[in-house]
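What follows is the content of structure.pdb, which has PDB, C-alpha atoms:
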ATOM      1  CA  MET A1256     -19.358  -1.986 -16.405
ATOM      2  CA  ASN A1257     -20.971  -0.923 -13.197
ATOM      3  CA  SER A1258     -22.936   2.343 -13.374
ATOM      4  CA  HIS A1259     -20.969   3.560 -10.338
ATOM      5  CA  VAL A1260     -17.567   3.497 -12.095
ATOM      6  CA  VAL A1261     -15.920   6.877 -11.591
ATOM      7  CA  TYR A1262     -12.523   6.069 -13.094
ATOM      8  CA  ARG A1263     -11.136   3.485 -15.514
ATOM      9  CA  CYS A1264      -7.507   3.176 -16.544
ATOM     10  CA  LYS A1265      -6.250   0.878 -19.281
ATOM     11  CA  SER A1266      -2.660  -0.289 -18.934
ATOM     12  CA  ASN A1267      -0.893  -2.055 -21.766
ATOM     13  CA  THR A1268       2.689  -0.894 -21.231
ATOM     14  CA  VAL A1269       3.921  -4.372 -20.253
ATOM     15  CA  PRO A1270       2.303  -6.977 -22.553
ATOM     16  CA  TYR A1271       2.081  -9.768 -19.963
ATOM     17  CA  ARG A1272       0.630  -7.401 -17.313
ATOM     18  CA  LYS A1273      -2.049  -5.551 -19.199
ATOM     19  CA  GLY A1274      -5.644  -4.830 -18.334
ATOM     20  CA  TRP A1275      -7.805  -2.269 -16.575
ATOM     21  CA  ILE A1276      -8.243  -0.775 -13.134
ATOM     22  CA  GLU A1277     -11.688   0.518 -12.260
ATOM     23  CA  VAL A1278     -12.640   2.629  -9.257
ATOM     24  CA  SER A1279     -16.299   2.555  -8.223
ATOM     25  CA  LEU A1280     -18.389   3.990  -5.417
ATOM     26  CA  ASP A1281     -21.243   2.557  -3.383
ATOM     27  CA  ILE A1282     -20.876  -1.088  -4.311
ATOM     28  CA  HIS A1283     -20.822  -1.471  -0.539
ATOM     29  CA  PRO A1284     -21.924   1.503   1.589
ATOM     30  CA  GLY A1285     -19.102   3.821   2.610
ATOM     31  CA  CYS A1286     -16.491   1.997   0.541
ATOM     32  CA  VAL A1287     -14.412   2.647  -2.547
ATOM     33  CA  ASN A1288     -14.289  -0.410  -4.799
ATOM     34  CA  ILE A1289     -11.085  -1.161  -6.720
ATOM     35  CA  GLU A1290     -11.460  -3.749  -9.471
ATOM     36  CA  THR A1291      -8.710  -5.092 -11.699
ATOM     37  CA  TRP A1292      -9.138  -6.925 -14.972
ATOM     38  CA  ILE A1293      -6.076  -8.834 -16.180
ATOM     39  CA  VAL A1294      -6.023  -9.690 -19.890
ATOM     40  CA  ALA A1295      -4.320 -12.699 -21.477
ATOM     41  CA  PRO A1296      -0.945 -11.757 -23.041
ATOM     42  CA  ASP A1297      -1.986 -12.702 -26.593
ATOM     43  CA  VAL A1298      -5.098 -10.466 -26.562
ATOM     44  CA  LYS A1299      -4.752  -6.993 -28.087
ATOM     45  CA  ILE A1300      -6.514  -4.218 -26.149
ATOM     46  CA  ASP A1301      -5.073  -1.136 -27.883
ATOM     47  CA  ASP A1302      -8.445  -0.194 -29.404
ATOM     48  CA  THR A1303     -10.620  -1.626 -26.626
ATOM     49  CA  GLU A1304     -12.219   0.790 -24.161
ATOM     50  CA  SER A1305     -13.286  -1.607 -21.420
ATOM     51  CA  PRO A1306     -13.182  -5.265 -20.407
ATOM     52  CA  ALA A1307     -16.869  -5.528 -21.313
ATOM     53  CA  ALA A1308     -15.925  -4.808 -24.940
ATOM     54  CA  LEU A1309     -13.810  -7.958 -25.224
ATOM     55  CA  LYS A1310     -15.611 -10.500 -27.380
ATOM     56  CA  ASN A1311     -14.122 -13.606 -25.823
ATOM     57  CA  ASP A1312     -14.461 -14.484 -22.122
ATOM     58  CA  SER A1313     -11.137 -16.345 -22.267
ATOM     59  CA  ALA A1314      -9.466 -12.987 -22.944
ATOM     60  CA  ILE A1315      -9.808 -12.198 -19.228
ATOM     61  CA  ALA A1316      -7.075 -13.987 -17.292
ATOM     62  CA  GLY A1317      -8.126 -12.642 -13.902
ATOM     63  CA  ASN A1318     -10.483 -10.322 -12.075
ATOM     64  CA  THR A1319     -10.201  -9.077  -8.493
ATOM     65  CA  GLU A1320     -12.184  -6.629  -6.383
ATOM     66  CA  ILE A1321     -11.346  -5.061  -3.049
ATOM     67  CA  GLU A1322     -13.298  -2.638  -0.888
ATOM     68  CA  LEU A1323     -11.432   0.233   0.782
ATOM     69  CA  THR A1324     -12.567   2.546   3.544
ATOM     70  CA  ALA A1325     -12.149   6.283   2.938
ATOM     71  CA  GLU A1326      -8.965   6.253   5.030
ATOM     72  CA  GLN A1327      -7.527   3.309   3.111
ATOM     73  CA  ALA A1328      -8.358   4.974  -0.216
ATOM     74  CA  ARG A1329      -6.635   8.188   0.918
ATOM     75  CA  ASN A1330      -3.571   6.205   1.997
ATOM     76  CA  LEU A1331      -3.475   4.461  -1.387
ATOM     77  CA  ALA A1332      -3.761   7.810  -3.200
ATOM     78  CA  THR A1333      -0.913   9.209  -1.087
ATOM     79  CA  ALA A1334       1.255   6.170  -1.822
ATOM     80  CA  LEU A1335       0.564   6.459  -5.559
ATOM     81  CA  LEU A1336       1.435  10.173  -5.583
ATOM     82  CA  ASP A1337       4.591   9.501  -3.564
ATOM     83  CA  SER A1338       5.626   6.753  -5.983
ATOM     84  CA  LEU A1339       4.980   9.032  -8.940
ATOM     85  CA  SER A1340       7.130  11.801  -7.432
ATOM     86  CA  ARG A1341      10.000   9.316  -7.146
ATOM     87  CA  LEU A1342       9.714   8.464 -10.866
ATOM     88  CA  ASP A1343      10.010  12.100 -11.921
TER      89      ASP A1343
END

Using C-alpha cells, write down the structure from this file.
Amino acid sequence: MNSHVVYRCKSNTVPYRKGWIEVSLDIHPGCVNIETWIVAPDVKIDDTESPAALKNDSAIAGNTEIELTAEQARNLATALLDSLSRLD
C-alpha cells in the first residue's frame, strides 16, 4: 500500500466483481489517484484488509490507476452522491 492512501474500500457484495478501491494523494503533483484492485472470483477476501495481504499474486485479476484533477475528483464525488441519493 502506498503511504499516501487516504481511503480504502473493500467491496465483496458481488462475488465476480470484488476487490478494493484506493484513493491516494500526491502520486502525481496536484492529482487524486484512484486505484482499483480486482480479485479473482474464487478468492475469499472477507477477512483480508488490503490487496497487499493476499498471499498469492494470481489472486489479483486486475489493477488499474487513474489520476484525476481536483475538478474531476469533485465531479466524481458529486456523481457518487447523486447516485446514492437515487438508491435511497

For the file shown, what are the residues hit by the PyMOL selection byres ((chain A and resi 1270) around 10), laid out as an NGL selection string?
-> :A and (1266-1269 or 1271-1274 or 1294-1300)

Quick one: write out the picked residues with C-alpha atoms as a compact mmCIF listing (two decimals), in the coordinates of the input?
# COMPACT_ATOMS: atom_id res chain seq x y z
CA SER A 1266 -2.66 -0.29 -18.93
CA ASN A 1267 -0.89 -2.06 -21.77
CA THR A 1268 2.69 -0.89 -21.23
CA VAL A 1269 3.92 -4.37 -20.25
CA TYR A 1271 2.08 -9.77 -19.96
CA ARG A 1272 0.63 -7.40 -17.31
CA LYS A 1273 -2.05 -5.55 -19.20
CA GLY A 1274 -5.64 -4.83 -18.33
CA VAL A 1294 -6.02 -9.69 -19.89
CA ALA A 1295 -4.32 -12.70 -21.48
CA PRO A 1296 -0.94 -11.76 -23.04
CA ASP A 1297 -1.99 -12.70 -26.59
CA VAL A 1298 -5.10 -10.47 -26.56
CA LYS A 1299 -4.75 -6.99 -28.09
CA ILE A 1300 -6.51 -4.22 -26.15

Please provide the set of residues having any atom within 12 Å of His1283 in chain A, restricted to only C-alpha atoms, with same-chain residues fewer than 3 positions apart removed, written as a PyMOL selection string.
-> chain A and resi 1259+1279-1280+1286-1289+1320-1324

In Å, rounded to a single decimal, give me how far CA of Ile1282 in chain A is from CA of Ala1308 in chain A.
-> 21.5 Å

Work out where the centre of an axis-aligned box around every listed atom of range 1311-1318 of chain A lies and how long its edges are once 6 Å is added on each side; give both in Å to one decimal as AutoDock Vina command-line options.
--center_x -10.8 --center_y -13.3 --center_z -18.9 --size_x 19.4 --size_y 18.0 --size_z 25.7

To one decimal in Å, tell me the separation between CA of Asp1301 in chain A and CA of Lys1265 in chain A.
->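 It comes out at 8.9 Å.
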
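Across the model, the gap from CA of Arg1263 in chain A to CA of Ser1305 in chain A is 8.1 Å.
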